[in-house]
file my_file_20.tsv (TSV, C-alpha atoms)
chain	number	residue	atom	x	y	z
A	1	MET	CA	71.71	113.82	129.40
A	2	GLN	CA	72.59	115.00	125.91
A	3	PHE	CA	75.57	117.31	126.38
A	4	THR	CA	76.27	118.03	122.76
A	5	SER	CA	74.21	118.91	119.72
A	6	GLU	CA	72.04	116.42	117.87
A	7	SER	CA	73.53	117.27	114.50
A	8	ILE	CA	77.05	116.59	115.81
A	9	GLU	CA	75.91	113.27	117.27
A	10	HIS	CA	74.35	112.33	113.96
A	11	VAL	CA	77.61	112.93	112.10
A	12	VAL	CA	79.55	111.09	114.81
A	13	GLU	CA	77.24	108.11	114.41
A	14	LEU	CA	77.63	108.06	110.64
A	15	LEU	CA	81.40	108.47	110.84
A	16	SER	CA	81.74	105.60	113.28
A	17	THR	CA	80.10	103.21	110.79
A	18	LEU	CA	83.23	103.59	108.64
A	19	PRO	CA	86.02	101.01	108.92
A	20	THR	CA	88.93	101.82	111.30
A	21	ILE	CA	86.93	104.70	112.86
A	22	GLY	CA	85.71	104.26	116.43
A	23	LYS	CA	83.45	106.54	118.44
A	24	LYS	CA	86.32	108.63	119.82
A	25	THR	CA	87.97	109.22	116.46
A	26	ALA	CA	84.56	109.96	114.94
A	27	ARG	CA	83.97	112.68	117.53
A	28	ARG	CA	87.43	114.10	116.90
A	29	LEU	CA	86.77	114.21	113.15
A	30	ALA	CA	83.39	115.89	113.66
A	31	PHE	CA	84.94	118.61	115.83
A	32	HIS	CA	87.67	119.04	113.25
A	33	LEU	CA	85.05	119.57	110.53
A	34	LEU	CA	83.30	122.15	112.73
A	35	ARG	CA	86.53	124.13	112.86
A	36	GLN	CA	86.87	124.18	109.07
A	37	PRO	CA	85.36	126.89	106.84
A	38	GLN	CA	81.84	126.22	105.60
A	39	GLU	CA	83.15	126.04	101.99
A	40	PHE	CA	85.47	123.16	102.87
A	41	VAL	CA	82.66	121.09	104.37
A	42	ASP	CA	80.41	121.88	101.39
A	43	GLN	CA	83.14	120.83	98.98
A	44	PHE	CA	83.80	117.67	100.98
A	45	ALA	CA	80.12	116.70	100.99
A	46	SER	CA	79.63	117.31	97.28
A	47	ALA	CA	82.84	115.43	96.41
A	48	MET	CA	81.51	112.40	98.29
A	49	VAL	CA	78.15	112.51	96.54
A	50	GLN	CA	79.75	113.15	93.16
A	51	MET	CA	82.08	110.19	93.64
A	52	ARG	CA	79.27	107.85	94.60
A	53	THR	CA	77.12	109.04	91.68
A	54	GLY	CA	79.84	109.22	89.04
A	55	VAL	CA	81.97	106.18	89.74
A	56	ARG	CA	80.94	102.91	88.11
A	57	GLU	CA	82.54	99.60	87.23
A	58	CYS	CA	84.66	99.44	84.09
A	59	SER	CA	82.67	97.54	81.45
A	60	VAL	CA	85.74	95.39	80.74
A	61	CYS	CA	87.59	94.69	84.00
A	62	CYS	CA	84.97	95.82	86.57
A	63	THR	CA	87.34	98.10	88.52
A	64	PHE	CA	86.05	101.48	89.72
A	65	THR	CA	86.28	104.22	87.10
A	66	ASP	CA	84.66	107.48	85.98
A	67	ARG	CA	84.44	106.31	82.37
A	68	GLU	CA	82.86	103.49	80.40
A	69	VAL	CA	86.24	101.74	80.07
A	70	CYS	CA	88.95	102.35	82.67
A	71	ALA	CA	92.37	103.91	82.01
A	72	ILE	CA	94.17	100.57	82.13
A	73	CYS	CA	91.79	98.68	79.85
A	74	SER	CA	91.81	101.52	77.31
A	75	HIS	CA	95.59	101.99	77.43
A	76	GLU	CA	97.04	100.88	74.10
A	77	LYS	CA	100.39	99.76	75.49
A	78	ARG	CA	99.01	97.17	77.93
A	79	ASP	CA	99.45	93.52	77.10
A	80	ARG	CA	95.95	92.20	76.29
A	81	SER	CA	97.06	88.55	76.40
A	82	VAL	CA	97.43	88.44	80.20
A	83	ILE	CA	94.65	89.01	82.74
A	84	CYS	CA	95.36	89.27	86.46
A	85	VAL	CA	92.34	88.45	88.64
A	86	VAL	CA	92.09	90.33	91.97
A	87	GLU	CA	89.42	90.71	94.63
A	88	GLN	CA	89.23	94.51	95.02
A	89	PRO	CA	90.03	97.70	93.08
A	90	SER	CA	92.58	98.51	95.79
A	91	ASP	CA	94.47	95.36	94.78
A	92	VAL	CA	94.83	96.78	91.26
A	93	MET	CA	96.52	99.84	92.77
A	94	ALA	CA	98.81	97.69	94.90
A	95	ILE	CA	100.00	95.72	91.85
A	96	GLU	CA	100.26	98.82	89.64
A	97	LYS	CA	102.57	100.40	92.21
A	98	THR	CA	105.14	97.64	91.63
A	99	ASN	CA	105.52	98.89	88.00
A	100	ASP	CA	106.15	95.27	87.15
A	101	TYR	CA	102.96	94.22	85.44
A	102	ARG	CA	101.88	95.32	81.96
A	103	GLY	CA	98.83	93.12	81.42
A	104	LEU	CA	95.15	93.75	82.16
A	105	TYR	CA	93.14	93.10	85.32
A	106	HIS	CA	89.84	91.64	86.35
A	107	VAL	CA	88.26	92.76	89.62
A	108	LEU	CA	85.88	90.23	91.22
A	109	HIS	CA	84.61	92.62	93.94
A	110	GLY	CA	84.88	89.90	96.56
A	111	ALA	CA	85.69	86.23	96.93
A	112	LEU	CA	83.55	83.12	97.26
A	113	SER	CA	82.46	82.62	100.84
A	114	PRO	CA	79.69	80.06	101.34
A	115	LEU	CA	79.55	80.88	105.07
A	116	ASP	CA	78.69	84.52	104.29
A	117	GLY	CA	76.34	83.49	101.51
A	118	ILE	CA	78.61	84.81	98.75
A	119	GLY	CA	78.32	82.48	95.77
A	120	PRO	CA	79.56	82.55	92.14
A	121	ASP	CA	76.74	84.90	91.09
A	122	ASP	CA	77.69	87.51	93.69
A	123	ILE	CA	81.16	88.25	92.32
A	124	ARG	CA	82.17	89.17	88.75
A	125	LEU	CA	82.79	85.62	87.49
A	126	HIS	CA	80.44	85.76	84.49
A	127	GLU	CA	82.18	88.94	83.39
A	128	LEU	CA	85.53	87.16	83.68
A	129	LEU	CA	84.37	84.17	81.68
A	130	SER	CA	83.05	86.38	78.90
A	131	ARG	CA	86.50	87.97	78.51
A	132	LEU	CA	88.35	84.70	78.06
A	133	ASN	CA	88.79	84.31	74.29
A	134	MET	CA	91.59	83.08	72.03
A	135	GLN	CA	93.52	86.29	72.62
A	136	VAL	CA	94.16	85.48	76.30
A	137	HIS	CA	97.32	83.47	76.88
A	138	GLU	CA	97.52	83.52	80.67
A	139	LEU	CA	95.22	84.06	83.60
A	140	ILE	CA	97.05	85.07	86.79
A	141	LEU	CA	95.10	84.58	90.03
A	142	ALA	CA	96.16	87.12	92.66
A	143	LEU	CA	93.56	86.53	95.35
A	144	ASN	CA	94.10	86.99	99.05
A	145	PRO	CA	96.03	84.16	100.76
A	146	ASN	CA	93.13	83.08	103.00
A	147	VAL	CA	90.33	80.49	102.91
A	148	GLU	CA	88.02	82.58	100.69
A	149	GLY	CA	90.85	83.38	98.27
A	150	GLU	CA	91.81	79.72	98.11
A	151	VAL	CA	88.24	78.57	97.42
A	152	THR	CA	87.87	81.21	94.70
A	153	THR	CA	91.23	80.26	93.15
A	154	GLN	CA	90.20	76.61	92.91
A	155	TYR	CA	86.77	77.53	91.56
A	156	ILE	CA	88.19	79.71	88.78
A	157	ALA	CA	90.82	77.13	87.86
A	158	LYS	CA	88.06	74.53	87.41
A	159	MET	CA	85.78	76.97	85.58
A	160	VAL	CA	88.52	77.89	83.10
A	161	SER	CA	89.98	74.41	82.55
A	162	PRO	CA	87.75	73.53	79.50
A	163	LEU	CA	89.11	76.63	77.72
A	164	ALA	CA	92.71	75.39	77.83
A	165	ILE	CA	94.04	78.76	78.98
A	166	PRO	CA	97.07	78.49	81.27
A	167	VAL	CA	96.09	79.55	84.81
A	168	THR	CA	98.79	80.60	87.31
A	169	ARG	CA	98.68	81.96	90.84
A	170	ILE	CA	101.03	84.39	92.59
A	171	ALA	CA	103.65	82.83	94.85
A	172	ARG	CA	103.00	82.37	98.54
A	173	GLY	CA	106.14	82.46	100.68
A	174	VAL	CA	108.17	84.45	103.14
A	175	PRO	CA	107.73	88.23	102.60
A	176	MET	CA	110.81	90.26	101.62
A	177	GLY	CA	112.64	91.84	104.53
A	178	SER	CA	111.09	89.49	107.06
A	179	ASP	CA	112.76	87.04	109.40
A	180	LEU	CA	112.38	83.28	108.88
A	181	GLU	CA	112.20	82.85	112.64
A	182	PHE	CA	108.96	84.82	112.80
A	183	ALA	CA	107.25	83.34	109.74
A	184	ASP	CA	104.19	81.24	110.62
A	185	ASP	CA	104.02	77.52	109.85
A	186	ALA	CA	101.60	77.77	106.95
A	187	THR	CA	103.70	80.44	105.23
A	188	LEU	CA	106.93	78.48	105.70
A	189	ALA	CA	105.29	75.29	104.41
A	190	ARG	CA	104.13	77.14	101.25
A	191	ALA	CA	107.56	78.69	100.82
A	192	LEU	CA	109.25	75.27	100.93
A	193	GLU	CA	106.65	73.76	98.61
A	194	GLY	CA	107.12	76.57	96.12
A	195	ARG	CA	110.91	76.55	96.13
A	196	THR	CA	112.60	77.51	92.86
A	197	PRO	CA	116.08	76.74	91.46
A	198	VAL	CA	118.67	79.44	92.20
B	1	MET	CA	99.74	106.83	85.32
B	2	GLN	CA	96.36	107.45	86.90
B	3	PHE	CA	95.00	104.00	87.69
B	4	THR	CA	91.88	105.06	89.47
B	5	SER	CA	89.14	107.64	88.94
B	6	GLU	CA	89.63	111.36	89.49
B	7	SER	CA	86.56	111.65	91.68
B	8	ILE	CA	87.87	108.89	93.97
B	9	GLU	CA	91.25	110.61	94.19
B	10	HIS	CA	89.55	113.88	95.06
B	11	VAL	CA	87.68	112.29	97.97
B	12	VAL	CA	90.86	110.48	99.08
B	13	GLU	CA	92.71	113.79	99.12
B	14	LEU	CA	90.00	115.50	101.18
B	15	LEU	CA	89.74	112.58	103.60
B	16	SER	CA	93.48	112.55	104.21
B	17	THR	CA	93.38	116.17	105.39
B	18	LEU	CA	91.45	114.92	108.45
B	19	PRO	CA	93.35	114.17	111.67
B	20	THR	CA	94.41	110.52	112.26
B	21	ILE	CA	93.62	109.64	108.61
B	22	GLY	CA	96.54	108.88	106.31
B	23	LYS	CA	96.50	108.21	102.58
B	24	LYS	CA	95.96	104.46	102.97
B	25	THR	CA	93.06	104.77	105.39
B	26	ALA	CA	91.56	107.53	103.22
B	27	ARG	CA	91.57	105.21	100.21
B	28	ARG	CA	90.03	102.44	102.28
B	29	LEU	CA	87.27	104.79	103.46
B	30	ALA	CA	86.59	106.00	99.91
B	31	PHE	CA	86.23	102.43	98.65
B	32	HIS	CA	83.98	101.67	101.58
B	33	LEU	CA	81.74	104.62	100.65
B	34	LEU	CA	81.60	103.37	97.06
B	35	ARG	CA	80.22	100.08	98.32
B	36	GLN	CA	77.44	101.77	100.29
B	37	PRO	CA	74.01	102.59	98.81
B	38	GLN	CA	73.69	106.00	97.19
B	39	GLU	CA	71.19	107.04	99.89
B	40	PHE	CA	73.73	106.44	102.65
B	41	VAL	CA	76.33	108.66	100.99
B	42	ASP	CA	73.71	111.35	100.33
B	43	GLN	CA	72.60	111.23	103.96
B	44	PHE	CA	76.21	111.36	105.13
B	45	ALA	CA	77.00	114.38	102.99
B	46	SER	CA	73.91	116.32	104.01
B	47	ALA	CA	74.47	115.49	107.71
B	48	MET	CA	77.97	116.98	107.45
B	49	VAL	CA	76.73	120.16	105.76
B	50	GLN	CA	73.80	120.46	108.14
B	51	MET	CA	76.11	120.09	111.14
B	52	ARG	CA	78.51	122.73	109.87
B	53	THR	CA	75.64	125.12	109.05
B	54	GLY	CA	73.52	124.52	112.12
B	55	VAL	CA	76.04	124.20	114.91
B	56	ARG	CA	77.15	127.40	116.61
B	57	GLU	CA	78.72	128.40	119.88
B	58	CYS	CA	76.46	128.65	122.93
B	59	SER	CA	75.93	132.34	123.68
B	60	VAL	CA	76.78	131.68	127.33
B	61	CYS	CA	79.56	129.07	127.55
B	62	CYS	CA	80.76	128.98	123.91
B	63	THR	CA	80.52	125.19	123.55
B	64	PHE	CA	79.12	123.75	120.31
B	65	THR	CA	75.33	123.55	120.25
B	66	ASP	CA	72.33	123.60	117.89
B	67	ARG	CA	70.52	126.17	119.99
B	68	GLU	CA	71.06	129.73	121.19
B	69	VAL	CA	71.90	128.46	124.69
B	70	CYS	CA	73.27	124.93	125.14
B	71	ALA	CA	71.60	122.12	127.09
B	72	ILE	CA	73.91	122.50	130.07
B	73	CYS	CA	73.64	126.28	130.38
B	74	SER	CA	69.84	126.13	130.07
B	75	HIS	CA	69.45	123.19	132.48
B	76	GLU	CA	67.71	124.44	135.62
B	77	LYS	CA	69.39	121.99	138.00
B	78	ARG	CA	72.97	123.05	137.23
B	79	ASP	CA	74.85	125.03	139.85
B	80	ARG	CA	75.32	128.52	138.39
B	81	SER	CA	77.85	129.56	141.03
B	82	VAL	CA	80.67	127.40	139.64
B	83	ILE	CA	82.24	127.72	136.19
B	84	CYS	CA	84.74	125.18	134.87
B	85	VAL	CA	87.01	126.56	132.13
B	86	VAL	CA	88.16	124.07	129.46
B	87	GLU	CA	89.94	124.33	126.12
B	88	GLN	CA	87.62	122.34	123.83
B	89	PRO	CA	84.00	121.18	123.60
B	90	SER	CA	85.31	117.61	123.79
B	91	ASP	CA	86.67	118.42	127.28
B	92	VAL	CA	83.12	119.26	128.38
B	93	MET	CA	82.06	115.78	127.31
B	94	ALA	CA	84.99	114.19	129.13
B	95	ILE	CA	84.07	115.92	132.39
B	96	GLU	CA	80.33	115.30	131.96
B	97	LYS	CA	81.03	111.59	131.64
B	98	THR	CA	82.39	111.52	135.20
B	99	ASN	CA	78.90	112.49	136.45
B	100	ASP	CA	80.74	114.32	139.20
B	101	TYR	CA	80.33	117.95	138.23
B	102	ARG	CA	77.08	119.91	138.44
B	103	GLY	CA	78.30	123.43	137.65
B	104	LEU	CA	78.56	125.26	134.32
B	105	TYR	CA	81.38	125.35	131.78
B	106	HIS	CA	83.26	127.86	129.69
B	107	VAL	CA	84.94	126.69	126.49
B	108	LEU	CA	87.93	128.78	125.36
B	109	HIS	CA	88.31	127.05	121.97
B	110	GLY	CA	92.08	126.89	122.40
B	111	ALA	CA	94.81	128.00	124.73
B	112	LEU	CA	97.27	130.88	124.66
B	113	SER	CA	100.29	130.05	122.51
B	114	PRO	CA	102.53	132.99	121.62
B	115	LEU	CA	104.67	130.74	119.41
B	116	ASP	CA	101.65	129.89	117.26
B	117	GLY	CA	100.43	133.47	117.35
B	118	ILE	CA	97.43	132.66	119.53
B	119	GLY	CA	96.85	135.58	121.89
B	120	PRO	CA	94.11	136.56	124.37
B	121	ASP	CA	91.85	137.86	121.58
B	122	ASP	CA	91.92	134.54	119.75
B	123	ILE	CA	90.28	132.49	122.48
B	124	ARG	CA	87.01	133.16	124.35
B	125	LEU	CA	88.50	135.19	127.22
B	126	HIS	CA	86.31	138.29	126.81
B	127	GLU	CA	83.26	136.04	126.90
B	128	LEU	CA	84.56	134.47	130.12
B	129	LEU	CA	85.20	137.84	131.76
B	130	SER	CA	81.71	139.06	130.91
B	131	ARG	CA	80.20	136.05	132.74
B	132	LEU	CA	82.03	136.69	136.00
B	133	ASN	CA	79.53	138.48	138.22
B	134	MET	CA	78.59	138.35	141.90
B	135	GLN	CA	76.77	135.05	141.35
B	136	VAL	CA	79.99	133.14	140.57
B	137	HIS	CA	81.67	131.71	143.67
B	138	GLU	CA	84.37	129.57	142.07
B	139	LEU	CA	86.24	129.40	138.78
B	140	ILE	CA	87.79	125.98	138.14
B	141	LEU	CA	90.55	125.91	135.52
B	142	ALA	CA	90.69	122.53	133.79
B	143	LEU	CA	93.15	123.23	130.97
B	144	ASN	CA	95.52	120.70	129.47
B	145	PRO	CA	98.62	119.94	131.58
B	146	ASN	CA	101.12	121.32	129.03
B	147	VAL	CA	102.93	124.63	128.38
B	148	GLU	CA	99.98	126.31	126.64
B	149	GLY	CA	97.56	125.19	129.34
B	150	GLU	CA	99.91	126.48	132.04
B	151	VAL	CA	100.33	129.88	130.36
B	152	THR	CA	96.57	130.19	129.96
B	153	THR	CA	95.94	129.16	133.56
B	154	GLN	CA	98.31	131.84	134.85
B	155	TYR	CA	96.83	134.43	132.48
B	156	ILE	CA	93.27	133.78	133.62
B	157	ALA	CA	94.25	133.77	137.31
B	158	LYS	CA	95.81	137.20	136.85
B	159	MET	CA	92.91	138.49	134.77
B	160	VAL	CA	90.35	137.41	137.37
B	161	SER	CA	92.28	138.46	140.50
B	162	PRO	CA	90.73	142.02	140.73
B	163	LEU	CA	87.26	140.41	140.89
B	164	ALA	CA	88.05	138.50	144.11
B	165	ILE	CA	86.53	135.28	142.78
B	166	PRO	CA	88.28	132.14	144.09
B	167	VAL	CA	90.16	130.45	141.22
B	168	THR	CA	91.14	126.79	141.51
B	169	ARG	CA	92.79	124.35	139.14
B	170	ILE	CA	92.31	120.59	138.76
B	171	ALA	CA	94.91	118.42	140.47
B	172	ARG	CA	97.93	117.20	138.59
B	173	GLY	CA	99.28	113.89	139.89
B	174	VAL	CA	99.63	110.20	139.22
B	175	PRO	CA	96.70	108.88	137.15
B	176	MET	CA	94.46	106.23	138.76
B	177	GLY	CA	95.42	102.63	137.96
B	178	SER	CA	98.95	103.60	136.95
B	179	ASP	CA	102.25	102.50	138.43
B	180	LEU	CA	104.45	104.96	140.37
B	181	GLU	CA	107.49	103.34	138.79
B	182	PHE	CA	106.41	104.49	135.34
B	183	ALA	CA	105.25	108.01	136.22
B	184	ASP	CA	107.44	110.72	134.71
B	185	ASP	CA	109.45	113.13	136.90
B	186	ALA	CA	107.24	116.18	136.29
B	187	THR	CA	104.08	114.26	137.18
B	188	LEU	CA	105.62	112.81	140.35
B	189	ALA	CA	106.90	116.23	141.40
B	190	ARG	CA	103.40	117.71	140.98
B	191	ALA	CA	101.88	114.78	142.85
B	192	LEU	CA	104.21	115.33	145.82
B	193	GLU	CA	103.65	119.07	145.76
B	194	GLY	CA	99.88	118.58	145.71
B	195	ARG	CA	99.75	115.99	148.50
B	196	THR	CA	96.62	116.01	150.68
B	197	PRO	CA	95.96	114.75	154.22
B	198	VAL	CA	94.58	111.20	154.38

call {"tool": "encode", "arguments": {"input": "my_file_20.tsv", "output": "structure tokens"}}
result
Amino acid sequence: MQFTSESIEHVVELLSTLPTIGKKTARRLAFHLLRQPQEFVDQFASAMVQMRTGVRECSVCCTFTDREVCAICSHEKRDRSVICVVEQPSDVMAIEKTNDYRGLYHVLHGALSPLDGIGPDDIRLHELLSRLNMQVHELILALNPNVEGEVTTQYIAKMVSPLAIPVTRIARGVPMGSDLEFADDATLARALEGRTPV
Amino acid sequence: MQFTSESIEHVVELLSTLPTIGKKTARRLAFHLLRQPQEFVDQFASAMVQMRTGVRECSVCCTFTDREVCAICSHEKRDRSVICVVEQPSDVMAIEKTNDYRGLYHVLHGALSPLDGIGPDDIRLHELLSRLNMQVHELILALNPNVEGEVTTQYIAKMVSPLAIPVTRIARGVPMGSDLEFADDATLARALEGRTPV
């Protein structure tokens, strides 16, 4: 027996398709929305639609932006000779938060994954290749430290090698503030391999 | 520096006002929505608005419903002589899931809380009183086992006493499947107090 309204159930169903949101949380969110003023829900709905309609990929680095060219690519103080390749727009934010990087980015929107049918044409590799001119002095690969990231890193390194542009990758090792005792084998092996002089 | 789009930030801000959703999850959800087809986001937005516009309180029991009278109140097989009082529509669902209760409900939409300025006029007490006629043979109070629930339980018991309708409350005791060793003092005390013959 249906003991709640169909329109609530519909919203609950849609909410529970979102990542990290299960059926119980979805129901809680729906009831929360029902307790908000109508204007809030209207504003919420139109903000979602407006975001989906208005946001596109930057024509240079492919990150999400409202404009033709994103704020980073159009910023005159950024170092145009370095490009950092990441998988997702959220990775750009993570690196920007360090306040340590002044170069440009390139967002692939994914990583190569033959098992999932994601090949070179499904991520923004052509767009990356077309940016690599004489002006670029270093390509930093900051992909996720997993199988897909590794495959993509190797693929890009091979793809770029004829251009004679130095390609680097971010260090893999023990995270700051962690305990050696609890580091996994693969991480410790990489940390030893990548040791640097003090 | 703003390293993402304004419209994304707006949605992130709105999402993080929802319960259980922090800034990081909100951003993850926003990016997820950006990866969905436009139609999905449109459907999502209109389902939210439609829910908020269409859902109202049942004119009998005050739970959320699409109709004038909810499915439970209008169901001919429900026992109209018993009313179970709960705080929220989600409590109705919780009790319905047990498949153990065949009476009607009354949803207060809150509990008395003088500290938060929630008095008798702020929850559906008048509506409850107006339902209590000769036909009702038992009023079951199933409010949350906390201070507000306790205050409300006592208030309703007093309010109903002139009508000579039996008022009961759900048992407080050790939850099924738990371990006595880990039950808190208050729960154990209630469980002892409420002991029943075997």

call {"tool": "residues_around", "arguments": {"input": "my_file_20.tsv", "residues": "stretch 182-187 of chain B", "least_positions_apart": "6", "cutoff": "8 Å", "atoms": "all atoms listed in the file", "output": "list in words"}}
result
Arg172, Gly173 and Val174 of chain B

call {"tool": "write_last_selection", "arguments": {"input": "my_file_20.tsv", "atoms": "C-alpha atoms", "output": "mmCIF file, in the frame of the given file"}}
result
data_model
loop_
_atom_site.group_PDB
_atom_site.id
_atom_site.type_symbol
_atom_site.label_atom_id
_atom_site.label_comp_id
_atom_site.auth_asym_id
_atom_site.auth_seq_id
_atom_site.Cartn_x
_atom_site.Cartn_y
_atom_site.Cartn_z
ATOM 1 C CA ARG B 172 97.930 117.200 138.590
ATOM 2 C CA GLY B 173 99.280 113.890 139.890
ATOM 3 C CA VAL B 174 99.630 110.200 139.220
#

call {"tool": "atom_distance", "arguments": {"input": "my_file_20.tsv", "atom1": "atom CA of A:Phe40", "atom2": "atom CA of B:His126"}}
result
28.3 Å

call {"tool": "interface_residues", "arguments": {"input": "my_file_20.tsv", "of": "chain A", "to": "chain B", "cutoff": "6 Å", "atoms": "all atoms listed in the file", "output": "PyMOL selection string"}}
result
chain A and resi 5+7-8+11+34+42+45+47+49+51-52+65-66

call {"tool": "write_last_selection", "arguments": {"input": "my_file_20.tsv", "atoms": "C-alpha atoms", "output": "PDB file, in the frame of the given file"}}
result
ATOM      1  CA  SER A   5      74.210 118.910 119.720  1.00  0.00           C
ATOM      2  CA  SER A   7      73.530 117.270 114.500  1.00  0.00           C
ATOM      3  CA  ILE A   8      77.050 116.590 115.810  1.00  0.00           C
ATOM      4  CA  VAL A  11      77.610 112.930 112.100  1.00  0.00           C
ATOM      5  CA  LEU A  34      83.300 122.150 112.730  1.00  0.00           C
ATOM      6  CA  ASP A  42      80.410 121.880 101.390  1.00  0.00           C
ATOM      7  CA  ALA A  45      80.120 116.700 100.990  1.00  0.00           C
ATOM      8  CA  ALA A  47      82.840 115.430  96.410  1.00  0.00           C
ATOM      9  CA  VAL A  49      78.150 112.510  96.540  1.00  0.00           C
ATOM     10  CA  MET A  51      82.080 110.190  93.640  1.00  0.00           C
ATOM     11  CA  ARG A  52      79.270 107.850  94.600  1.00  0.00           C
ATOM     12  CA  THR A  65      86.280 104.220  87.100  1.00  0.00           C
ATOM     13  CA  ASP A  66      84.660 107.480  85.980  1.00  0.00           C
TER      14      ASP A  66
END

call {"tool": "residues_around", "arguments": {"input": "my_file_20.tsv", "residues": "stretch 101-103 of chain B", "least_positions_apart": "2", "cutoff": "9 Å", "atoms": "only C-alpha atoms", "output": "VMD selection string"}}
result
chain B and resid 72 77 to 84 95 to 96 98 to 99 105

call {"tool": "atom_distance", "arguments": {"input": "my_file_20.tsv", "atom1": "atom CA of A:Met159", "atom2": "atom CA of A:Val69"}}
result
25.4 Å

call {"tool": "atom_distance", "arguments": {"input": "my_file_20.tsv", "atom1": "atom CA of A:Ala164", "atom2": "atom CA of A:Ala191"}}
result
27.6 Å

call {"tool": "axis_aligned_box", "arguments": {"input": "my_file_20.tsv", "around": "stretch 86-95 of chain A", "padding_each_side": "4 Å", "output": "AutoDock Vina command-line options"}}
result
--center_x 94.6 --center_y 95.1 --center_z 93.5 --size_x 18.8 --size_y 17.5 --size_z 12.5

call {"tool": "residues_around", "arguments": {"input": "my_file_20.tsv", "residues": "A:Tyr155", "least_positions_apart": "5", "cutoff": "12 Å", "atoms": "all atoms listed in the file", "output": "PyMOL selection string"}}
result
chain A and resi 111-113+119-120+125+141+143+148-150+160-161+167
